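J.: This one is coords39.cif, mmCIF, C-alpha atoms.
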```cif
data_final
loop_
_atom_site.group_PDB
_atom_site.id
_atom_site.type_symbol
_atom_site.label_atom_id
_atom_site.label_comp_id
_atom_site.auth_asym_id
_atom_site.auth_seq_id
_atom_site.Cartn_x
_atom_site.Cartn_y
_atom_site.Cartn_z
ATOM 1 C CA GLU Z 1 -17.547 -0.314 -8.561
ATOM 2 C CA PRO Z 2 -17.130 -1.639 -5.001
ATOM 3 C CA GLU Z 3 -14.574 0.145 -2.891
ATOM 4 C CA VAL Z 4 -12.983 0.116 0.533
ATOM 5 C CA THR Z 5 -14.157 2.946 2.748
ATOM 6 C CA GLN Z 6 -12.523 4.372 5.851
ATOM 7 C CA THR Z 7 -13.663 6.699 8.611
ATOM 8 C CA PRO Z 8 -12.813 9.220 9.794
ATOM 9 C CA SER Z 9 -10.781 10.858 7.068
ATOM 10 C CA HIS Z 10 -8.819 12.822 9.671
ATOM 11 C CA GLN Z 11 -8.460 12.127 13.377
ATOM 12 C CA VAL Z 12 -6.674 14.436 15.780
ATOM 13 C CA THR Z 13 -5.910 13.066 19.228
ATOM 14 C CA GLN Z 14 -3.741 13.835 22.192
ATOM 15 C CA MET Z 15 -0.792 11.694 23.138
ATOM 16 C CA GLY Z 16 -1.831 8.828 25.385
ATOM 17 C CA GLN Z 17 -5.404 8.685 24.120
ATOM 18 C CA GLU Z 18 -6.976 5.671 22.464
ATOM 19 C CA VAL Z 19 -8.132 5.868 18.871
ATOM 20 C CA ILE Z 20 -10.143 3.510 16.722
ATOM 21 C CA LEU Z 21 -9.843 3.698 12.973
ATOM 22 C CA ARG Z 22 -12.639 2.120 11.004
ATOM 23 C CA CYS Z 23 -12.761 0.400 7.662
ATOM 24 C CA VAL Z 24 -15.442 -1.262 5.597
ATOM 25 C CA PRO Z 25 -13.750 -3.736 3.236
ATOM 26 C CA ILE Z 26 -15.271 -4.837 -0.039
ATOM 27 C CA SER Z 27 -18.145 -7.136 0.830
ATOM 28 C CA ASN Z 28 -17.005 -10.441 -0.710
ATOM 29 C CA HIS Z 29 -13.384 -10.058 0.361
ATOM 30 C CA LEU Z 30 -11.949 -12.360 2.995
ATOM 31 C CA TYR Z 31 -8.502 -10.929 3.666
ATOM 32 C CA PHE Z 32 -8.017 -7.599 5.387
ATOM 33 C CA TYR Z 33 -4.949 -5.477 5.957
ATOM 34 C CA TRP Z 34 -3.769 -2.348 7.675
ATOM 35 C CA TYR Z 35 -0.852 -0.324 6.378
ATOM 36 C CA ARG Z 36 0.532 3.007 7.461
ATOM 37 C CA GLN Z 37 2.416 5.761 5.685
ATOM 38 C CA ILE Z 38 4.361 8.348 7.601
ATOM 39 C CA LEU Z 39 4.383 11.640 5.715
ATOM 40 C CA GLY Z 40 6.693 11.475 2.713
ATOM 41 C CA GLN Z 41 7.731 7.888 3.326
ATOM 42 C CA LYS Z 42 6.788 4.555 1.876
ATOM 43 C CA VAL Z 43 3.749 2.521 2.784
ATOM 44 C CA GLU Z 44 4.482 0.000 5.555
ATOM 45 C CA PHE Z 45 2.615 -3.197 6.362
ATOM 46 C CA LEU Z 46 1.105 -3.449 9.845
ATOM 47 C CA VAL Z 47 -1.141 -6.495 9.995
ATOM 48 C CA SER Z 48 -3.174 -8.952 7.974
ATOM 49 C CA PHE Z 49 -6.385 -10.600 9.146
ATOM 50 C CA TYR Z 50 -8.255 -13.642 7.931
ATOM 51 C CA ASN Z 51 -10.914 -15.891 9.376
ATOM 52 C CA ASN Z 52 -11.255 -13.684 12.457
ATOM 53 C CA GLU Z 53 -7.649 -13.833 13.456
ATOM 54 C CA ILE Z 54 -4.362 -12.132 12.734
ATOM 55 C CA SER Z 55 -2.468 -13.896 9.965
ATOM 56 C CA GLU Z 56 0.689 -11.897 10.097
ATOM 57 C CA LYS Z 57 1.966 -8.739 11.745
ATOM 58 C CA SER Z 58 5.008 -6.567 11.383
ATOM 59 C CA GLU Z 59 7.332 -5.397 14.133
ATOM 60 C CA ILE Z 60 5.508 -2.070 14.068
ATOM 61 C CA PHE Z 61 2.333 -3.796 15.268
ATOM 62 C CA ASP Z 62 3.204 -4.006 18.955
ATOM 63 C CA ASP Z 63 0.979 -4.474 22.012
ATOM 64 C CA GLN Z 64 -0.452 -0.978 21.589
ATOM 65 C CA PHE Z 65 -2.213 -2.071 18.413
ATOM 66 C CA SER Z 66 -5.143 -4.396 17.992
ATOM 67 C CA VAL Z 67 -7.550 -5.261 15.205
ATOM 68 C CA GLU Z 68 -11.079 -6.499 15.278
ATOM 69 C CA ARG Z 69 -13.915 -7.442 12.974
ATOM 70 C CA PRO Z 70 -16.799 -6.586 15.281
ATOM 71 C CA ASP Z 71 -19.491 -7.456 12.775
ATOM 72 C CA GLY Z 72 -19.881 -8.668 9.227
ATOM 73 C CA SER Z 73 -18.819 -5.450 7.606
ATOM 74 C CA ASN Z 74 -16.404 -3.409 9.737
ATOM 75 C CA PHE Z 75 -12.700 -3.936 10.330
ATOM 76 C CA THR Z 76 -11.079 -1.735 12.974
ATOM 77 C CA LEU Z 77 -7.600 -0.771 14.087
ATOM 78 C CA LYS Z 78 -7.231 0.350 17.685
ATOM 79 C CA ILE Z 79 -4.236 2.149 19.112
ATOM 80 C CA ARG Z 80 -4.479 2.037 22.895
ATOM 81 C CA SER Z 81 -2.161 4.825 23.938
ATOM 82 C CA THR Z 82 -1.109 6.960 21.037
ATOM 83 C CA LYS Z 83 2.394 8.343 20.682
ATOM 84 C CA LEU Z 84 3.593 11.272 18.613
ATOM 85 C CA GLU Z 85 5.288 8.848 16.217
ATOM 86 C CA ASP Z 86 1.952 7.187 15.460
ATOM 87 C CA SER Z 87 1.051 10.229 13.374
ATOM 88 C CA ALA Z 88 0.628 8.887 9.837
ATOM 89 C CA MET Z 89 -1.867 7.945 7.154
ATOM 90 C CA TYR Z 90 -3.443 4.604 7.925
ATOM 91 C CA PHE Z 91 -4.709 2.603 4.991
ATOM 92 C CA CYS Z 92 -7.032 -0.338 5.116
ATOM 93 C CA ALA Z 93 -6.981 -2.846 2.253
ATOM 94 C CA SER Z 94 -8.871 -5.982 1.385
ATOM 95 C CA SER Z 95 -8.520 -8.817 -1.085
ATOM 96 C CA GLU Z 96 -10.710 -11.648 -2.229
ATOM 97 C CA ASN Z 97 -8.076 -14.234 -1.515
ATOM 98 C CA ARG Z 98 -4.514 -14.397 -0.315
ATOM 99 C CA ALA Z 99 -3.021 -14.106 -3.780
ATOM 100 C CA GLY Z 100 -5.468 -11.532 -5.043
ATOM 101 C CA GLU Z 101 -5.146 -7.848 -5.723
ATOM 102 C CA GLN Z 102 -5.382 -5.680 -2.633
ATOM 103 C CA TYR Z 103 -7.763 -2.760 -2.874
ATOM 104 C CA PHE Z 104 -6.894 0.201 -0.709
ATOM 105 C CA GLY Z 105 -9.181 2.637 1.030
ATOM 106 C CA PRO Z 106 -8.636 6.406 0.944
ATOM 107 C CA GLY Z 107 -6.896 6.386 4.325
ATOM 108 C CA THR Z 108 -7.319 8.042 7.714
ATOM 109 C CA ARG Z 109 -4.884 10.780 8.592
ATOM 110 C CA LEU Z 110 -4.015 10.405 12.281
ATOM 111 C CA THR Z 111 -2.432 13.383 13.969
ATOM 112 C CA VAL Z 112 -1.177 12.905 17.510
ATOM 113 C CA THR Z 113 -0.427 16.114 19.406
ATOM 114 C CA GLY K 1 21.449 16.407 8.167
ATOM 115 C CA GLU K 2 19.510 14.599 5.507
ATOM 116 C CA SER K 3 16.159 13.142 6.444
ATOM 117 C CA VAL K 4 15.955 9.725 4.847
ATOM 118 C CA GLY K 5 12.694 9.105 3.084
ATOM 119 C CA LEU K 6 11.453 12.707 2.849
ATOM 120 C CA HIS K 7 12.850 13.307 -0.624
ATOM 121 C CA LEU K 8 11.339 11.150 -3.308
ATOM 122 C CA PRO K 9 13.103 10.605 -6.607
ATOM 123 C CA THR K 10 11.291 12.773 -9.133
ATOM 124 C CA LEU K 11 10.735 12.181 -12.815
ATOM 125 C CA SER K 12 9.599 15.148 -14.845
ATOM 126 C CA VAL K 13 8.292 14.508 -18.363
ATOM 127 C CA GLN K 14 6.559 16.449 -21.072
ATOM 128 C CA GLU K 15 2.958 15.585 -21.839
ATOM 129 C CA GLY K 16 2.858 13.040 -24.633
ATOM 130 C CA ASP K 17 6.297 11.611 -23.917
ATOM 131 C CA ASN K 18 6.847 8.115 -22.568
ATOM 132 C CA SER K 19 7.797 7.653 -18.902
ATOM 133 C CA ILE K 20 9.904 4.938 -17.363
ATOM 134 C CA ILE K 21 9.885 4.446 -13.617
ATOM 135 C CA ASN K 22 12.330 2.007 -12.075
ATOM 136 C CA CYS K 23 12.324 -0.030 -8.911
ATOM 137 C CA ALA K 24 14.745 -2.430 -7.270
ATOM 138 C CA TYR K 25 13.122 -5.072 -5.115
ATOM 139 C CA SER K 26 14.679 -6.733 -2.151
ATOM 140 C CA ASN K 27 13.809 -10.409 -1.968
ATOM 141 C CA SER K 28 14.640 -12.950 -4.636
ATOM 142 C CA ALA K 29 11.888 -15.203 -3.218
ATOM 143 C CA SER K 30 9.175 -12.666 -4.071
ATOM 144 C CA ASP K 31 6.921 -14.053 -6.767
ATOM 145 C CA TYR K 32 4.401 -11.300 -7.355
ATOM 146 C CA PHE K 33 4.967 -7.647 -8.115
ATOM 147 C CA ILE K 34 2.589 -4.759 -8.375
ATOM 148 C CA TRP K 35 2.745 -1.126 -9.375
ATOM 149 C CA TYR K 36 0.576 1.308 -7.477
ATOM 150 C CA LYS K 37 -0.256 4.924 -8.223
ATOM 151 C CA GLN K 38 -0.896 7.279 -5.326
ATOM 152 C CA GLU K 39 -2.396 10.675 -5.915
ATOM 153 C CA SER K 40 -2.169 13.340 -3.269
ATOM 154 C CA GLY K 41 -4.429 12.575 -0.301
ATOM 155 C CA LYS K 42 -5.566 9.212 -1.644
ATOM 156 C CA GLY K 43 -4.773 5.574 -1.093
ATOM 157 C CA PRO K 44 -2.605 3.493 -3.426
ATOM 158 C CA GLN K 45 -4.404 2.500 -6.606
ATOM 159 C CA PHE K 46 -3.544 -0.703 -8.464
ATOM 160 C CA ILE K 47 -2.097 -0.166 -11.927
ATOM 161 C CA ILE K 48 -0.653 -3.443 -13.129
ATOM 162 C CA ASP K 49 0.888 -6.594 -11.742
ATOM 163 C CA ILE K 50 3.243 -9.311 -12.906
ATOM 164 C CA ARG K 51 4.137 -12.739 -11.622
ATOM 165 C CA SER K 52 7.683 -14.026 -11.468
ATOM 166 C CA ASN K 53 7.143 -16.513 -14.284
ATOM 167 C CA MET K 54 6.800 -13.598 -16.700
ATOM 168 C CA ASP K 55 9.195 -10.862 -17.761
ATOM 169 C CA LYS K 56 6.762 -8.499 -19.425
ATOM 170 C CA ARG K 57 3.107 -7.620 -19.114
ATOM 171 C CA GLN K 58 1.131 -4.961 -20.931
ATOM 172 C CA GLY K 59 -1.952 -3.060 -19.952
ATOM 173 C CA GLN K 60 -3.652 -0.013 -21.321
ATOM 174 C CA ARG K 61 -0.821 2.506 -21.908
ATOM 175 C CA VAL K 62 1.316 0.755 -19.286
ATOM 176 C CA THR K 63 3.916 -1.988 -19.484
ATOM 177 C CA VAL K 64 5.730 -3.660 -16.624
ATOM 178 C CA LEU K 65 9.093 -5.314 -17.137
ATOM 179 C CA LEU K 66 10.637 -7.717 -14.659
ATOM 180 C CA ASN K 67 14.302 -8.653 -14.571
ATOM 181 C CA LYS K 68 14.726 -11.304 -11.918
ATOM 182 C CA THR K 69 18.462 -11.606 -12.485
ATOM 183 C CA VAL K 70 19.102 -8.129 -11.126
ATOM 184 C CA LYS K 71 15.869 -7.862 -9.094
ATOM 185 C CA HIS K 72 14.628 -4.914 -11.104
ATOM 186 C CA LEU K 73 11.151 -3.835 -12.049
ATOM 187 C CA SER K 74 10.130 -1.019 -14.349
ATOM 188 C CA LEU K 75 6.890 0.680 -15.290
ATOM 189 C CA GLN K 76 6.561 2.250 -18.690
ATOM 190 C CA ILE K 77 3.759 4.719 -19.332
ATOM 191 C CA ALA K 78 3.082 5.559 -22.948
ATOM 192 C CA ALA K 79 1.943 9.023 -24.022
ATOM 193 C CA THR K 80 2.053 10.410 -20.496
ATOM 194 C CA GLN K 81 -0.844 12.674 -19.570
ATOM 195 C CA PRO K 82 -1.225 15.315 -16.821
ATOM 196 C CA GLY K 83 -3.542 12.905 -14.998
ATOM 197 C CA ASP K 84 -0.626 10.519 -14.645
ATOM 198 C CA SER K 85 1.074 12.917 -12.228
ATOM 199 C CA ALA K 86 1.340 11.038 -8.935
ATOM 200 C CA VAL K 87 3.725 9.024 -6.790
ATOM 201 C CA TYR K 88 4.320 5.529 -8.134
ATOM 202 C CA PHE K 89 5.228 2.659 -5.828
ATOM 203 C CA CYS K 90 6.366 -0.799 -6.686
ATOM 204 C CA ALA K 91 5.412 -3.528 -4.252
ATOM 205 C CA GLU K 92 6.467 -7.124 -3.891
ATOM 206 C CA LYS K 93 4.736 -10.058 -2.322
ATOM 207 C CA GLY K 94 6.344 -13.335 -1.493
ATOM 208 C CA ASN K 95 4.963 -16.745 -0.853
ATOM 209 C CA TYR K 96 7.713 -17.632 1.567
ATOM 210 C CA GLY K 97 8.346 -18.118 5.245
ATOM 211 C CA GLY K 98 4.682 -18.475 6.088
ATOM 212 C CA SER K 99 3.970 -15.022 4.737
ATOM 213 C CA GLN K 100 0.280 -14.430 4.231
ATOM 214 C CA GLY K 101 0.931 -12.176 1.325
ATOM 215 C CA ASN K 102 1.461 -8.765 2.807
ATOM 216 C CA LEU K 103 2.885 -6.210 0.420
ATOM 217 C CA ILE K 104 6.357 -4.750 0.783
ATOM 218 C CA PHE K 105 6.438 -1.317 -0.801
ATOM 219 C CA GLY K 106 9.362 0.470 -2.371
ATOM 220 C CA LYS K 107 10.171 4.121 -1.689
ATOM 221 C CA GLY K 108 8.209 5.616 -4.544
ATOM 222 C CA THR K 109 8.916 7.910 -7.459
ATOM 223 C CA LYS K 110 7.100 11.162 -8.034
ATOM 224 C CA LEU K 111 6.050 11.619 -11.643
ATOM 225 C CA SER K 112 5.423 15.189 -12.727
ATOM 226 C CA VAL K 113 3.908 15.778 -16.163
ATOM 227 C CA LYS K 114 4.407 19.168 -17.759
ATOM 228 C CA PRO K 115 1.660 20.315 -20.139
#
```
Starting from the file, give its structure as structure tokens.
T.:
Amino acid sequence: EPEVTQTPSHQVTQMGQEVILRCVPISNHLYFYWYRQILGQKVEFLVSFYNNEISEKSEIFDDQFSVERPDGSNFTLKIRSTKLEDSAMYFCASSENRAGEQYFGPGTRLTVT
Amino acid sequence: GESVGLHLPTLSVQEGDNSIINCAYSNSASDYFIWYKQESGKGPQFIIDIRSNMDKRQGQRVTVLLNKTVKHLSLQIAATQPGDSAVYFCAEKGNYGGSQGNLIFGKGTKLSVKP
């Protein structure tokens, strides 16, 4: 069964450093998403991406965040200058169409020290 | 002081019993609702969904009920098994205000199944 994959599974970085989280969505999906989950809290929407541009973003997704689809398979989330409060699980998801079921990857645990 | 969000509601059931997990959603314009299961260290996994033109939908061992009047969603799991132990999230998606369909998750309920 096709699945969303994410790398790395755990990323430790120092405050102020840039990180790039990587995702490979399901191959025939057209809509891509990033969500985050701070430990013990609910999953929060960050950004959606379609047709090589951001469709929607939340207030969490400020100028420190950016997304990119550098090639036909990868979808990345970049945090330019990480803060302690960026520590969370980051989930990538993809769907075939806007109304379709979103399939989530296993997540990347980001720890900012 | 209390840390909001660090203490999930917990439902503890005996193996073989039925479980009912409840969720209140926020936006009356939401037209699509989903239940996700999240096991420790994993991403949310789709369980079942329901559209706003329905009030009940059944899957394998699971049933979702939607009450739009009071903006309430429930997930019923029949004959709960130890493998059902996880955190369960409801999520809503609305086709309103130019939204491209991002999910809005609820706080989650931790289901613990005793053998």
J.: Using only C-alpha atoms, which of the listed residues (K:Gly16, K:Pro9, K:Ala24, K:Gly41) sits closest to His10 of chain Z?
T.: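 Ranked by minimum distance to His10 of chain Z, first place goes to K:Gly41.
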J.: Based on all atoms listed in the file, which of the residues in chain Z come within 12 Å of chain K? I want them as a ChimeraX atom specification.
T.: /Z:3-6,9-10,31-50,54-58,88-95,97-109
J.: If you keep C-alpha atoms, can you produce a file of those selected residues as a JSON list (two decimals), in the frame of the given file?
T.:
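Written file, selection.json:
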```json
[["chain", "number", "residue", "atom", "x", "y", "z"],
["Z", 3, "GLU", "CA", -14.57, 0.14, -2.89],
["Z", 4, "VAL", "CA", -12.98, 0.12, 0.53],
["Z", 5, "THR", "CA", -14.16, 2.95, 2.75],
["Z", 6, "GLN", "CA", -12.52, 4.37, 5.85],
["Z", 9, "SER", "CA", -10.78, 10.86, 7.07],
["Z", 10, "HIS", "CA", -8.82, 12.82, 9.67],
["Z", 31, "TYR", "CA", -8.50, -10.93, 3.67],
["Z", 32, "PHE", "CA", -8.02, -7.60, 5.39],
["Z", 33, "TYR", "CA", -4.95, -5.48, 5.96],
["Z", 34, "TRP", "CA", -3.77, -2.35, 7.68],
["Z", 35, "TYR", "CA", -0.85, -0.32, 6.38],
["Z", 36, "ARG", "CA", 0.53, 3.01, 7.46],
["Z", 37, "GLN", "CA", 2.42, 5.76, 5.68],
["Z", 38, "ILE", "CA", 4.36, 8.35, 7.60],
["Z", 39, "LEU", "CA", 4.38, 11.64, 5.72],
["Z", 40, "GLY", "CA", 6.69, 11.48, 2.71],
["Z", 41, "GLN", "CA", 7.73, 7.89, 3.33],
["Z", 42, "LYS", "CA", 6.79, 4.56, 1.88],
["Z", 43, "VAL", "CA", 3.75, 2.52, 2.78],
["Z", 44, "GLU", "CA", 4.48, 0.00, 5.56],
["Z", 45, "PHE", "CA", 2.62, -3.20, 6.36],
["Z", 46, "LEU", "CA", 1.10, -3.45, 9.85],
["Z", 47, "VAL", "CA", -1.14, -6.50, 9.99],
["Z", 48, "SER", "CA", -3.17, -8.95, 7.97],
["Z", 49, "PHE", "CA", -6.38, -10.60, 9.15],
["Z", 50, "TYR", "CA", -8.26, -13.64, 7.93],
["Z", 54, "ILE", "CA", -4.36, -12.13, 12.73],
["Z", 55, "SER", "CA", -2.47, -13.90, 9.96],
["Z", 56, "GLU", "CA", 0.69, -11.90, 10.10],
["Z", 57, "LYS", "CA", 1.97, -8.74, 11.74],
["Z", 58, "SER", "CA", 5.01, -6.57, 11.38],
["Z", 88, "ALA", "CA", 0.63, 8.89, 9.84],
["Z", 89, "MET", "CA", -1.87, 7.94, 7.15],
["Z", 90, "TYR", "CA", -3.44, 4.60, 7.92],
["Z", 91, "PHE", "CA", -4.71, 2.60, 4.99],
["Z", 92, "CYS", "CA", -7.03, -0.34, 5.12],
["Z", 93, "ALA", "CA", -6.98, -2.85, 2.25],
["Z", 94, "SER", "CA", -8.87, -5.98, 1.38],
["Z", 95, "SER", "CA", -8.52, -8.82, -1.08],
["Z", 97, "ASN", "CA", -8.08, -14.23, -1.52],
["Z", 98, "ARG", "CA", -4.51, -14.40, -0.32],
["Z", 99, "ALA", "CA", -3.02, -14.11, -3.78],
["Z", 100, "GLY", "CA", -5.47, -11.53, -5.04],
["Z", 101, "GLU", "CA", -5.15, -7.85, -5.72],
["Z", 102, "GLN", "CA", -5.38, -5.68, -2.63],
["Z", 103, "TYR", "CA", -7.76, -2.76, -2.87],
["Z", 104, "PHE", "CA", -6.89, 0.20, -0.71],
["Z", 105, "GLY", "CA", -9.18, 2.64, 1.03],
["Z", 106, "PRO", "CA", -8.64, 6.41, 0.94],
["Z", 107, "GLY", "CA", -6.90, 6.39, 4.32],
["Z", 108, "THR", "CA", -7.32, 8.04, 7.71],
["Z", 109, "ARG", "CA", -4.88, 10.78, 8.59]]
```
J.: Got a sec: who's within 6 Å of segment 73-81 of chain K, counting all atoms listed in the file, leaving out chain neighbours fewer than 5 positions off, as number ranges by chain?
T.: K: 15-23, 61-66
J.: Using all atoms listed in the file, find the one residue out of K:Ala29, K:Val13, K:Met54, K:Cys90 that sits nearest to Leu111 of chain K.
T.: K:Val13
J.: Do you have the atom CA of Lys78 of chain Z-atom CA of Gln64 of chain Z distance handy?
T.: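 It comes out at 7.9 Å.
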J.: Name the residues captured by the PyMOL selection byres ((chain Z and resi 67-74) around 8) when it is applied to the shown file; answer as a list in words.
T.: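 What the PyMOL selection byres ((chain Z and resi 67-74) around 8) grabs from the file is Arg22, Cys23, Val24, Pro25, Ser27, Asn52, Ile54, Phe65, Ser66, Phe75, Thr76, Leu77 and Lys78 of chain Z.
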J.: What does the structure give for the distance between atom CA of Thr69 of chain K and atom CA of Ser28 of chain K, in Å to one decimal?
T.: 8.8 Å
J.: Output the residue selection produced by the PyMOL selection byres ((chain Z and resi 11-16) around 8) on the file above, formatted as JSON, numbers by chain.
T.: {"Z": [8, 9, 10, 17, 18, 19, 80, 81, 82, 83, 84, 108, 109, 110, 111, 112, 113]}
J.: Take atom CA of Gln14 of chain K and atom CA of Glu92 of chain K and report the distance between them in Å, one decimal.
T.: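 Separating atom CA of Gln14 of chain K from atom CA of Glu92 of chain K is a distance of 29.2 Å.
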J.: Please determine, counting all atoms listed in the file, which residue among K:Lys68, K:Tyr25, K:Ser40, K:Phe33 has the shortest atom-to-atom distance to Lys110 of chain K.
T.: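 For Lys110 of chain K, the nearest of the candidates is K:Ser40.
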J.: Show me, as AutoDock Vina command-line options, the centre and edge lengths in Å to one decimal of the axis-aligned box that covers every listed atom of segment 86-93 of chain K with 6 Å on each side.
T.:
```
--center_x 3.9 --center_y 0.5 --center_z -5.6 --size_x 17.1 --size_y 33.1 --size_z 18.6
```
J.: Can you fill out segment 27-35 of chain Z with all heavy atoms and hand it back as an mmCIF file, keeping the file's coordinate frame?
T.:
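part_11.cif written:
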```cif
data_model
loop_
_atom_site.group_PDB
_atom_site.id
_atom_site.type_symbol
_atom_site.label_atom_id
_atom_site.label_comp_id
_atom_site.auth_asym_id
_atom_site.auth_seq_id
_atom_site.Cartn_x
_atom_site.Cartn_y
_atom_site.Cartn_z
ATOM 1 N N SER Z 27 -17.278 -6.186 0.135
ATOM 2 C CA SER Z 27 -18.145 -7.136 0.830
ATOM 3 C C SER Z 27 -17.788 -8.611 0.624
ATOM 4 O O SER Z 27 -17.951 -9.405 1.535
ATOM 5 C CB SER Z 27 -19.598 -6.903 0.432
ATOM 6 O OG SER Z 27 -19.755 -7.094 -0.958
ATOM 7 N N ASN Z 28 -17.300 -9.018 -0.514
ATOM 8 C CA ASN Z 28 -17.005 -10.441 -0.710
ATOM 9 C C ASN Z 28 -15.532 -10.773 -0.463
ATOM 10 O O ASN Z 28 -15.082 -11.884 -0.750
ATOM 11 C CB ASN Z 28 -17.417 -10.876 -2.119
ATOM 12 C CG ASN Z 28 -16.604 -10.179 -3.192
ATOM 13 O OD1 ASN Z 28 -16.165 -9.035 -3.002
ATOM 14 N ND2 ASN Z 28 -16.398 -10.829 -4.311
ATOM 15 N N HIS Z 29 -14.802 -9.816 0.088
ATOM 16 C CA HIS Z 29 -13.384 -10.058 0.361
ATOM 17 C C HIS Z 29 -13.215 -10.733 1.711
ATOM 18 O O HIS Z 29 -13.982 -10.514 2.648
ATOM 19 C CB HIS Z 29 -12.606 -8.740 0.313
ATOM 20 C CG HIS Z 29 -12.391 -8.241 -1.066
ATOM 21 N ND1 HIS Z 29 -11.617 -7.132 -1.347
ATOM 22 C CD2 HIS Z 29 -12.834 -8.688 -2.274
ATOM 23 C CE1 HIS Z 29 -11.593 -6.940 -2.657
ATOM 24 N NE2 HIS Z 29 -12.328 -7.860 -3.235
ATOM 25 N N LEU Z 30 -12.170 -11.561 1.795
ATOM 26 C CA LEU Z 30 -11.949 -12.360 2.995
ATOM 27 C C LEU Z 30 -10.677 -11.999 3.743
ATOM 28 O O LEU Z 30 -10.498 -12.396 4.885
ATOM 29 C CB LEU Z 30 -11.904 -13.846 2.622
ATOM 30 C CG LEU Z 30 -13.156 -14.406 1.943
ATOM 31 C CD1 LEU Z 30 -12.930 -15.867 1.562
ATOM 32 C CD2 LEU Z 30 -14.372 -14.287 2.861
ATOM 33 N N TYR Z 31 -9.779 -11.287 3.061
ATOM 34 C CA TYR Z 31 -8.502 -10.929 3.666
ATOM 35 C C TYR Z 31 -8.473 -9.426 3.872
ATOM 36 O O TYR Z 31 -8.820 -8.656 2.973
ATOM 37 C CB TYR Z 31 -7.332 -11.352 2.765
ATOM 38 C CG TYR Z 31 -7.140 -12.854 2.708
ATOM 39 C CD1 TYR Z 31 -7.959 -13.643 1.925
ATOM 40 C CD2 TYR Z 31 -6.135 -13.464 3.457
ATOM 41 C CE1 TYR Z 31 -7.796 -15.021 1.883
ATOM 42 C CE2 TYR Z 31 -5.957 -14.834 3.415
ATOM 43 C CZ TYR Z 31 -6.788 -15.615 2.629
ATOM 44 O OH TYR Z 31 -6.627 -16.970 2.596
ATOM 45 N N PHE Z 32 -8.008 -9.014 5.047
ATOM 46 C CA PHE Z 32 -8.017 -7.599 5.387
ATOM 47 C C PHE Z 32 -6.639 -7.198 5.913
ATOM 48 O O PHE Z 32 -5.946 -8.001 6.550
ATOM 49 C CB PHE Z 32 -9.094 -7.311 6.440
ATOM 50 C CG PHE Z 32 -10.415 -7.959 6.129
ATOM 51 C CD1 PHE Z 32 -10.939 -8.929 6.958
ATOM 52 C CD2 PHE Z 32 -11.122 -7.611 4.993
ATOM 53 C CE1 PHE Z 32 -12.147 -9.542 6.663
ATOM 54 C CE2 PHE Z 32 -12.329 -8.220 4.685
ATOM 55 C CZ PHE Z 32 -12.844 -9.190 5.529
ATOM 56 N N TYR Z 33 -6.293 -5.956 5.637
ATOM 57 C CA TYR Z 33 -4.949 -5.477 5.957
ATOM 58 C C TYR Z 33 -5.010 -4.054 6.494
ATOM 59 O O TYR Z 33 -5.873 -3.276 6.114
ATOM 60 C CB TYR Z 33 -4.069 -5.472 4.701
ATOM 61 C CG TYR Z 33 -4.104 -6.746 3.887
ATOM 62 C CD1 TYR Z 33 -5.108 -6.964 2.950
ATOM 63 C CD2 TYR Z 33 -3.135 -7.734 4.057
ATOM 64 C CE1 TYR Z 33 -5.149 -8.130 2.203
ATOM 65 C CE2 TYR Z 33 -3.171 -8.901 3.312
ATOM 66 C CZ TYR Z 33 -4.184 -9.095 2.383
ATOM 67 O OH TYR Z 33 -4.214 -10.244 1.641
ATOM 68 N N TRP Z 34 -4.029 -3.733 7.325
ATOM 69 C CA TRP Z 34 -3.769 -2.348 7.675
ATOM 70 C C TRP Z 34 -2.321 -2.029 7.318
ATOM 71 O O TRP Z 34 -1.418 -2.822 7.589
ATOM 72 C CB TRP Z 34 -3.985 -2.072 9.164
ATOM 73 C CG TRP Z 34 -5.422 -1.943 9.560
ATOM 74 C CD1 TRP Z 34 -6.204 -2.880 10.156
ATOM 75 C CD2 TRP Z 34 -6.256 -0.786 9.381
ATOM 76 N NE1 TRP Z 34 -7.476 -2.382 10.364
ATOM 77 C CE2 TRP Z 34 -7.534 -1.107 9.893
ATOM 78 C CE3 TRP Z 34 -6.064 0.486 8.846
ATOM 79 C CZ2 TRP Z 34 -8.594 -0.207 9.886
ATOM 80 C CZ3 TRP Z 34 -7.121 1.380 8.837
ATOM 81 C CH2 TRP Z 34 -8.366 1.034 9.347
ATOM 82 N N TYR Z 35 -2.166 -0.865 6.704
ATOM 83 C CA TYR Z 35 -0.852 -0.324 6.378
ATOM 84 C C TYR Z 35 -0.793 1.104 6.921
ATOM 85 O O TYR Z 35 -1.828 1.731 7.145
ATOM 86 C CB TYR Z 35 -0.635 -0.268 4.855
ATOM 87 C CG TYR Z 35 -0.542 -1.599 4.155
ATOM 88 C CD1 TYR Z 35 -1.688 -2.297 3.788
ATOM 89 C CD2 TYR Z 35 0.693 -2.137 3.830
ATOM 90 C CE1 TYR Z 35 -1.600 -3.519 3.126
ATOM 91 C CE2 TYR Z 35 0.795 -3.359 3.164
ATOM 92 C CZ TYR Z 35 -0.362 -4.040 2.818
ATOM 93 O OH TYR Z 35 -0.264 -5.248 2.162
#
```
